Structures are given as C-alpha cells and as structure tokens.
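Chemist: Coordinates in model-v5.cif, mmCIF, C-alpha atoms and all ligand atoms, are listed below.
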data_work
#
loop_
_atom_site.group_PDB
_atom_site.id
_atom_site.type_symbol
_atom_site.label_atom_id
_atom_site.label_comp_id
_atom_site.auth_asym_id
_atom_site.auth_seq_id
_atom_site.Cartn_x
_atom_site.Cartn_y
_atom_site.Cartn_z
ATOM 1 C CA MET A 1 93.226 31.381 80.290
ATOM 2 C CA SER A 2 90.623 33.586 78.608
ATOM 3 C CA GLN A 3 88.359 35.989 80.441
ATOM 4 C CA SER A 4 85.323 33.842 79.678
ATOM 5 C CA GLU A 5 86.909 30.810 81.361
ATOM 6 C CA LEU A 6 87.634 32.862 84.469
ATOM 7 C CA PHE A 7 84.176 34.373 84.715
ATOM 8 C CA ALA A 8 82.104 33.078 87.642
ATOM 9 C CA PRO A 9 78.437 33.296 86.701
ATOM 10 C CA GLU A 10 77.155 32.571 90.201
ATOM 11 C CA ALA A 11 79.067 35.566 91.539
ATOM 12 C CA GLY A 12 77.349 38.128 89.382
ATOM 13 C CA ALA A 13 79.603 40.657 87.731
ATOM 14 C CA ARG A 14 83.178 40.091 88.806
ATOM 15 C CA GLN A 15 85.203 43.259 88.735
ATOM 16 C CA ASP A 16 88.792 42.852 87.640
ATOM 17 C CA LEU A 17 90.641 45.561 89.534
ATOM 18 C CA ALA A 18 94.200 44.871 88.415
ATOM 19 C CA PRO A 19 96.131 41.832 87.181
ATOM 20 C CA GLY A 20 95.518 39.226 89.913
ATOM 21 C CA ALA A 21 93.016 41.342 91.895
ATOM 22 C CA PHE A 22 89.272 40.812 91.785
ATOM 23 C CA LEU A 23 86.150 42.037 93.523
ATOM 24 C CA LEU A 24 83.199 39.665 93.771
ATOM 25 C CA PRO A 25 80.343 41.948 94.794
ATOM 26 C CA GLY A 26 77.859 40.254 97.096
ATOM 27 C CA TYR A 27 79.481 36.855 96.576
ATOM 28 C CA ALA A 28 79.026 35.843 100.244
ATOM 29 C CA LEU A 29 75.584 37.402 100.772
ATOM 30 C CA ASP A 30 73.601 34.161 100.615
ATOM 31 C CA GLU A 31 76.008 32.509 103.044
ATOM 32 C CA ALA A 32 76.523 35.434 105.394
ATOM 33 C CA GLU A 33 74.430 34.027 108.223
ATOM 34 C CA GLY A 34 76.393 30.774 108.274
ATOM 35 C CA LEU A 35 79.673 32.679 108.172
ATOM 36 C CA LEU A 36 78.575 34.838 111.098
ATOM 37 C CA THR A 37 77.492 31.809 113.123
ATOM 38 C CA ALA A 38 80.911 30.269 112.482
ATOM 39 C CA ALA A 39 82.655 33.530 113.415
ATOM 40 C CA GLU A 40 80.682 33.777 116.653
ATOM 41 C CA ALA A 41 81.798 30.255 117.573
ATOM 42 C CA VAL A 42 85.424 31.302 116.976
ATOM 43 C CA TYR A 43 84.969 34.359 119.204
ATOM 44 C CA ALA A 44 83.455 32.223 121.988
ATOM 45 C CA ALA A 45 86.668 30.165 122.105
ATOM 46 C CA ALA A 46 89.171 32.853 121.090
ATOM 47 C CA PRO A 47 87.782 36.338 121.829
ATOM 48 C CA PRO A 48 88.907 39.240 119.642
ATOM 49 C CA ARG A 49 91.848 41.108 121.098
ATOM 50 C CA ARG A 50 94.046 44.033 120.110
ATOM 51 C CA TRP A 51 97.570 42.783 119.554
ATOM 52 C CA LEU A 52 100.608 44.680 120.679
ATOM 53 C CA THR A 53 102.797 45.717 117.751
ATOM 54 C CA PRO A 54 106.561 45.084 117.838
ATOM 55 C CA GLY A 55 106.838 48.842 118.373
ATOM 56 C CA GLY A 56 104.810 48.537 121.599
ATOM 57 C CA ARG A 57 101.515 50.043 120.436
ATOM 58 C CA ARG A 58 98.084 48.421 120.528
ATOM 59 C CA MET A 59 96.583 47.726 117.130
ATOM 60 C CA ALA A 60 93.195 49.376 116.620
ATOM 61 C CA VAL A 61 91.624 46.330 114.957
ATOM 62 C CA ALA A 62 90.603 43.508 117.340
ATOM 63 C CA MET A 63 91.737 40.137 115.976
ATOM 64 C CA SER A 64 91.179 36.445 116.374
ATOM 65 C CA ASN A 65 91.915 33.437 114.192
ATOM 66 C CA CYS A 66 90.685 30.036 113.193
ATOM 67 C CA GLY A 67 92.424 27.288 111.294
ATOM 68 C CA GLU A 68 95.665 25.424 111.836
ATOM 69 C CA LEU A 69 97.572 28.688 112.065
ATOM 70 C CA GLY A 70 96.732 32.131 113.391
ATOM 71 C CA TRP A 71 98.330 35.515 112.821
ATOM 72 C CA ILE A 72 99.908 36.912 115.964
ATOM 73 C CA SER A 73 101.697 40.119 116.885
ATOM 74 C CA ASP A 74 103.630 40.972 120.025
ATOM 75 C CA GLU A 75 106.840 42.704 121.053
ATOM 76 C CA HIS A 76 108.825 40.008 119.228
ATOM 77 C CA GLY A 77 107.205 40.638 115.859
ATOM 78 C CA TYR A 78 104.514 39.427 113.479
ATOM 79 C CA ARG A 79 104.161 35.724 112.788
ATOM 80 C CA TYR A 80 101.833 32.772 112.455
ATOM 81 C CA GLY A 81 101.424 30.322 115.313
ATOM 82 C CA ALA A 82 99.371 27.213 116.013
ATOM 83 C CA LEU A 83 98.385 28.306 119.524
ATOM 84 C CA ASP A 84 96.340 31.218 120.803
ATOM 85 C CA PRO A 85 98.851 32.927 123.098
ATOM 86 C CA ASP A 86 96.028 34.156 125.363
ATOM 87 C CA SER A 87 94.631 30.690 126.101
ATOM 88 C CA GLY A 88 97.540 28.414 125.213
ATOM 89 C CA HIS A 89 95.095 26.319 123.152
ATOM 90 C CA PRO A 90 95.132 25.667 119.409
ATOM 91 C CA TRP A 91 93.087 28.138 117.386
ATOM 92 C CA PRO A 92 89.516 26.919 116.757
ATOM 93 C CA ALA A 93 89.218 24.743 113.657
ATOM 94 C CA MET A 94 88.194 26.418 110.422
ATOM 95 C CA ASP A 95 84.483 25.765 109.915
ATOM 96 C CA PRO A 96 83.805 24.047 106.550
ATOM 97 C CA ARG A 97 81.436 26.901 105.671
ATOM 98 C CA LEU A 98 84.348 29.328 105.904
ATOM 99 C CA ARG A 99 86.854 27.098 104.126
ATOM 100 C CA GLY A 100 84.325 26.276 101.405
ATOM 101 C CA LEU A 101 83.467 29.868 100.618
ATOM 102 C CA ALA A 102 87.137 30.861 100.468
ATOM 103 C CA GLY A 103 87.975 28.019 98.089
ATOM 104 C CA ARG A 104 85.065 28.804 95.769
ATOM 105 C CA ALA A 105 85.795 32.526 95.699
ATOM 106 C CA ALA A 106 89.455 31.862 94.873
ATOM 107 C CA ALA A 107 88.472 29.446 92.100
ATOM 108 C CA ALA A 108 86.058 32.032 90.685
ATOM 109 C CA CYS A 109 89.096 34.282 90.241
ATOM 110 C CA GLY A 110 91.268 31.652 88.592
ATOM 111 C CA PHE A 111 93.097 30.412 91.702
ATOM 112 C CA ALA A 112 92.264 26.707 91.723
ATOM 113 C CA ASP A 113 92.952 24.508 94.752
ATOM 114 C CA PHE A 114 93.222 27.270 97.323
ATOM 115 C CA ARG A 115 93.389 25.497 100.665
ATOM 116 C CA PRO A 116 93.654 28.098 103.410
ATOM 117 C CA ASP A 117 95.179 27.032 106.706
ATOM 118 C CA ALA A 118 94.570 30.372 108.428
ATOM 119 C CA CYS A 119 91.582 32.664 108.702
ATOM 120 C CA LEU A 120 92.137 35.989 110.416
ATOM 121 C CA LEU A 121 89.022 37.599 111.874
ATOM 122 C CA ASN A 122 89.324 41.386 112.004
ATOM 123 C CA ARG A 123 86.778 43.358 114.021
ATOM 124 C CA TYR A 124 86.406 47.098 113.381
ATOM 125 C CA GLU A 125 84.385 49.635 115.342
ATOM 126 C CA PRO A 126 83.627 53.116 113.985
ATOM 127 C CA GLY A 127 86.880 55.071 113.835
ATOM 128 C CA THR A 128 89.038 51.939 113.572
ATOM 129 C CA ARG A 129 91.516 51.878 110.713
ATOM 130 C CA LEU A 130 94.137 49.495 109.427
ATOM 131 C CA SER A 131 97.256 51.162 108.114
ATOM 132 C CA LEU A 132 98.786 50.336 104.748
ATOM 133 C CA HIS A 133 100.688 47.039 104.805
ATOM 134 C CA GLN A 134 101.616 44.001 102.730
ATOM 135 C CA ASP A 135 100.558 40.479 103.705
ATOM 136 C CA LYS A 136 103.993 38.894 103.712
ATOM 137 C CA ASP A 137 104.200 36.666 106.767
ATOM 138 C CA GLU A 138 102.971 33.680 104.728
ATOM 139 C CA LEU A 139 105.428 31.154 103.326
ATOM 140 C CA ASP A 140 103.969 30.777 99.839
ATOM 141 C CA TYR A 141 103.152 33.913 97.858
ATOM 142 C CA GLY A 142 101.824 31.639 95.104
ATOM 143 C CA GLN A 143 98.566 31.383 97.052
ATOM 144 C CA PRO A 144 96.080 34.254 97.012
ATOM 145 C CA ILE A 145 94.434 36.162 99.842
ATOM 146 C CA VAL A 146 90.638 35.918 100.059
ATOM 147 C CA SER A 147 88.912 38.628 102.068
ATOM 148 C CA VAL A 148 85.220 38.601 103.052
ATOM 149 C CA SER A 149 83.533 41.751 104.347
ATOM 150 C CA LEU A 150 80.559 41.608 106.726
ATOM 151 C CA GLY A 151 78.647 44.282 108.610
ATOM 152 C CA LEU A 152 79.289 47.994 108.213
ATOM 153 C CA PRO A 153 80.715 49.137 104.874
ATOM 154 C CA ALA A 154 84.362 50.188 104.693
ATOM 155 C CA ILE A 155 86.674 52.005 102.328
ATOM 156 C CA PHE A 156 89.413 49.568 101.397
ATOM 157 C CA LEU A 157 92.654 51.122 100.201
ATOM 158 C CA PHE A 158 94.233 49.030 97.505
ATOM 159 C CA GLY A 159 97.689 50.257 96.619
ATOM 160 C CA GLY A 160 100.572 49.079 94.506
ATOM 161 C CA LEU A 161 103.754 47.146 95.141
ATOM 162 C CA ARG A 162 105.424 50.180 96.708
ATOM 163 C CA ARG A 163 104.068 51.895 99.789
ATOM 164 C CA ALA A 164 104.052 55.273 98.052
ATOM 165 C CA ASP A 165 101.963 54.051 95.094
ATOM 166 C CA ALA A 166 98.522 55.571 94.679
ATOM 167 C CA CYS A 167 95.636 53.656 96.259
ATOM 168 C CA LEU A 168 92.371 52.652 94.717
ATOM 169 C CA ARG A 169 89.551 53.424 97.154
ATOM 170 C CA LEU A 170 87.154 50.560 97.094
ATOM 171 C CA ALA A 171 83.816 50.477 98.919
ATOM 172 C CA LEU A 172 83.428 47.043 100.509
ATOM 173 C CA ARG A 173 79.956 46.113 101.700
ATOM 174 C CA HIS A 174 78.362 43.258 103.609
ATOM 175 C CA GLY A 175 78.871 40.116 101.541
ATOM 176 C CA ASP A 176 81.576 41.444 99.214
ATOM 177 C CA VAL A 177 84.603 39.258 98.586
ATOM 178 C CA LEU A 178 87.971 40.539 97.445
ATOM 179 C CA VAL A 179 90.661 38.219 96.081
ATOM 180 C CA TRP A 180 94.244 39.173 95.337
ATOM 181 C CA GLY A 181 97.086 36.925 94.272
ATOM 182 C CA GLY A 182 99.621 36.309 91.510
ATOM 183 C CA PRO A 183 101.075 39.659 90.407
ATOM 184 C CA ALA A 184 98.868 41.450 92.971
ATOM 185 C CA ARG A 185 99.802 39.245 95.936
ATOM 186 C CA LEU A 186 102.155 41.730 97.579
ATOM 187 C CA ARG A 187 100.206 44.900 96.903
ATOM 188 C CA TYR A 188 99.917 47.291 99.818
ATOM 189 C CA HIS A 189 96.445 47.593 101.295
ATOM 190 C CA GLY A 190 94.624 48.993 104.296
ATOM 191 C CA VAL A 191 91.275 50.191 105.586
ATOM 192 C CA ALA A 192 90.238 53.843 106.066
ATOM 193 C CA PRO A 193 88.724 54.787 109.456
ATOM 194 C CA LEU A 194 85.362 53.047 109.669
ATOM 195 C CA ALA A 195 82.430 55.431 109.389
ATOM 196 C CA ALA A 196 79.739 55.303 112.071
ATOM 197 C CA GLY A 197 76.618 53.375 111.233
ATOM 198 C CA ALA A 198 74.337 50.566 112.283
ATOM 199 C CA HIS A 199 74.271 47.359 110.308
ATOM 200 C CA GLU A 200 71.033 45.397 110.632
ATOM 201 C CA ARG A 201 72.800 42.204 111.689
ATOM 202 C CA LEU A 202 76.073 43.378 113.217
ATOM 203 C CA GLY A 203 75.216 46.811 114.624
ATOM 204 C CA ALA A 204 78.141 49.212 114.829
ATOM 205 C CA LEU A 205 80.722 46.690 113.653
ATOM 206 C CA ARG A 206 82.552 45.536 110.583
ATOM 207 C CA LEU A 207 83.887 42.024 110.499
ATOM 208 C CA ASN A 208 86.461 41.000 107.923
ATOM 209 C CA LEU A 209 87.604 37.440 107.367
ATOM 210 C CA THR A 210 90.866 36.959 105.505
ATOM 211 C CA PHE A 211 91.881 33.541 104.360
ATOM 212 C CA ARG A 212 95.498 32.687 103.742
ATOM 213 C CA LYS A 213 97.750 29.745 103.109
ATOM 214 C CA ALA A 214 100.250 30.655 105.763
ATOM 215 C CA GLY A 215 102.329 27.531 106.364
HETATM 216 C C1 LIG B 1 93.713 42.749 106.227
HETATM 217 O O1 LIG B 1 94.419 43.384 105.461
HETATM 218 O O2 LIG B 1 94.152 41.795 106.872
HETATM 219 C C2 LIG B 1 92.280 43.088 106.462
HETATM 220 C C3 LIG B 1 91.653 43.882 105.391
HETATM 221 C C4 LIG B 1 90.226 44.219 105.698
HETATM 222 O O3 LIG B 1 89.833 44.302 106.861
HETATM 223 O O4 LIG B 1 89.453 44.423 104.740
HETATM 224 FE FE FE2 B 2 96.331 42.522 104.999
#
Please express what this file holds, its structure, as structure tokens.
Ligand code: SIN
Ligand code: FE2

Modeler:
Amino acid sequence: MSQSELFAPEAGARQDLAPGAFLLPGYALDEAEGLLTAAEAVYAAAPPRRWLTPGGRRMAVAMSNCGELGWISDEHGYRYGALDPDSGHPWPAMDPRLRGLAGRAAAACGFADFRPDACLLNRYEPGTRLSLHQDKDELDYGQPIVSVSLGLPAIFLFGGLRRADACLRLALRHGDVLVWGGPARLRYHGVAPLAAGAHERLGALRLNLTFRKAG
C-alpha cells in the first residue's frame, strides 16, 4: 500500500515514527468530551485502582478497564479477565464512542477492521511513571494497539524490540493518538514521570486509553 493510500486527511499530518508506528496529533480533540464522559461512566462502575505486581509492589498508575476483557495484575501475574476482581462484576461495556474512535484511528494507520475487546484506562498524577514494557498479554499480535492521551501532557518513551534499545521521546498531548502494530507491535514503551501542571478539563491528571484486541 502506498503512503498516499494510508494518509488520513481528517487526522491532519500523520507522523510515521517507525514501520508500523504512527502518531496522529490531535486526532481525538473534537471527540475528547465524549471520550471523557464515557471514561467517567467507567470509573463510576469500576474505580481506578493501583494493581499489585506479581513481585508484590503497587503499580504507580491507577487502572480500570472497559470492554469484554480487562487487564489485571496481582500476585499471580498479568492477564486479561472478564470480571473486575474488586467488584466481581463484568467490566463496563465499551462505549461506542470509544470503540468508534479506536477503529477509525487504526484504519487511518492502515490497520483495517480493528475491533478492540479491551480498553485499559490509565490514570497518572504528577510524578507517576510507567516503566518500559511490551504489551504481550494479548493473544493476537496481528492487531495493533491504539492509545489516546487526554489531560496533562506526557513524555512517552518509545523503544525498540529489545529493552536496551534507545527510546524515542515523544510528547503526547491532550487529544493525541498513537498507533503501533505490525513490525512495531512488540516495541518496548513507557511513560516518563508526569510533570506537574493543571489541565483545563482534567486538572492535575493525565488519562490514557489503550485499546487492544486481547482475546
Ligand atoms: C500503556 O503502555 O499501557 C500506557 C501508555 C500510556 O499511558 O501512554
Ligand atoms: Fe503498554
């Protein structure tokens, strides 16, 4: 497929970061309010919480999920599950506004027919970081990851296929969407400690939504 076929005019200038990795600056801006309303409804049913890692430490990022599957961590390991272990209930359904945005963003990067079954909601306060990791708890690496940033800006660390590879430092702002799949699907990534600030809508918070096909 040629570059011109992949280009998404409605997204503005897509930045091709690496084979399979794309930044869509401001792609979600027009829809941000709807996304936040949907996220708030998820939090009302499944409040953000800091998972215990298998090593027995609390993660710094507070997490919740919506969709058929949710990402979970506890002393037994990392995995996806259909139930919120805190409530025993299924994760809240994925709002069509969330699912729709994720599908369109993926398509704008050449990943047609992305149908996420999991959306992880990551909540960062100033000082919160997410250490370098690969997203590899999903069954099908043929599907991309779609990540939507809202609220305070963050420095996203986008590495290579080996942990020791150098990282690109990418400023992600309110409304930016990052998509990685294909040859980039298993690249290491993380988030540098969030700088203090006050976002006009979210205050001293960053909210990141990552969409995956987990099952
Ligand atoms: C993640 O890797 O799951 C989240 C990345 C981010 O918060 O931007
Ligand atoms: Fe990740």

Chemist: Which of these, A:Leu120, A:Ala39, A:Val177, A:Ala32, has the shortest distance to Arg201 (chain A) once you count only C-alpha atoms?

Modeler: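 Selected residue with least distance to Arg201 (chain A): A:Ala32.
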
Chemist: Interatomic distance between CA of Ala108 (chain A) and CA of Leu202 (chain A)?

Modeler: 27.1 Å

Chemist: List as a ChimeraX atom specification the protein and nucleic acid residues lying within 8 Å of ligand FE2 2 (chain B), with only C-alpha atoms and all ligand atoms counted.

Modeler: /A:133-135,188-190,210

Chemist: Name the residues that the PyMOL selection byres (((chain A and resi 46) around 12) and not hetatm) pulls out of this structure, and write them as a ChimeraX atom specification.

Modeler: /A:39-45,47-49,62-67,70,83-93,120-121

Chemist: List the residues matched by the PyMOL selection byres (((chain A and resi 200) around 12) and not hetatm) in the displayed structure as a PyMOL selection string, ordered by chain and then by residue number.

Modeler: chain A and resi 150-153+174+197-199+201-206

Chemist: Kindly indicate which residue among A:Leu161, A:Ala21, A:Cys167, A:Leu132 lies nearest to ligand LIG 1 (chain B), using all atoms listed in the file for the distances.

Modeler: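 The shortest atom-to-atom distance to ligand LIG 1 (chain B) comes from A:Leu132.
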
Chemist: Would you mind listing what lies within 10 Å of Arg99 (chain A) as a PyMOL selection string, with all atoms listed in the file counted and same-chain residues fewer than 4 positions away left out?

Modeler: chain A and resi 35+67+94-95+103-104+114-119+211
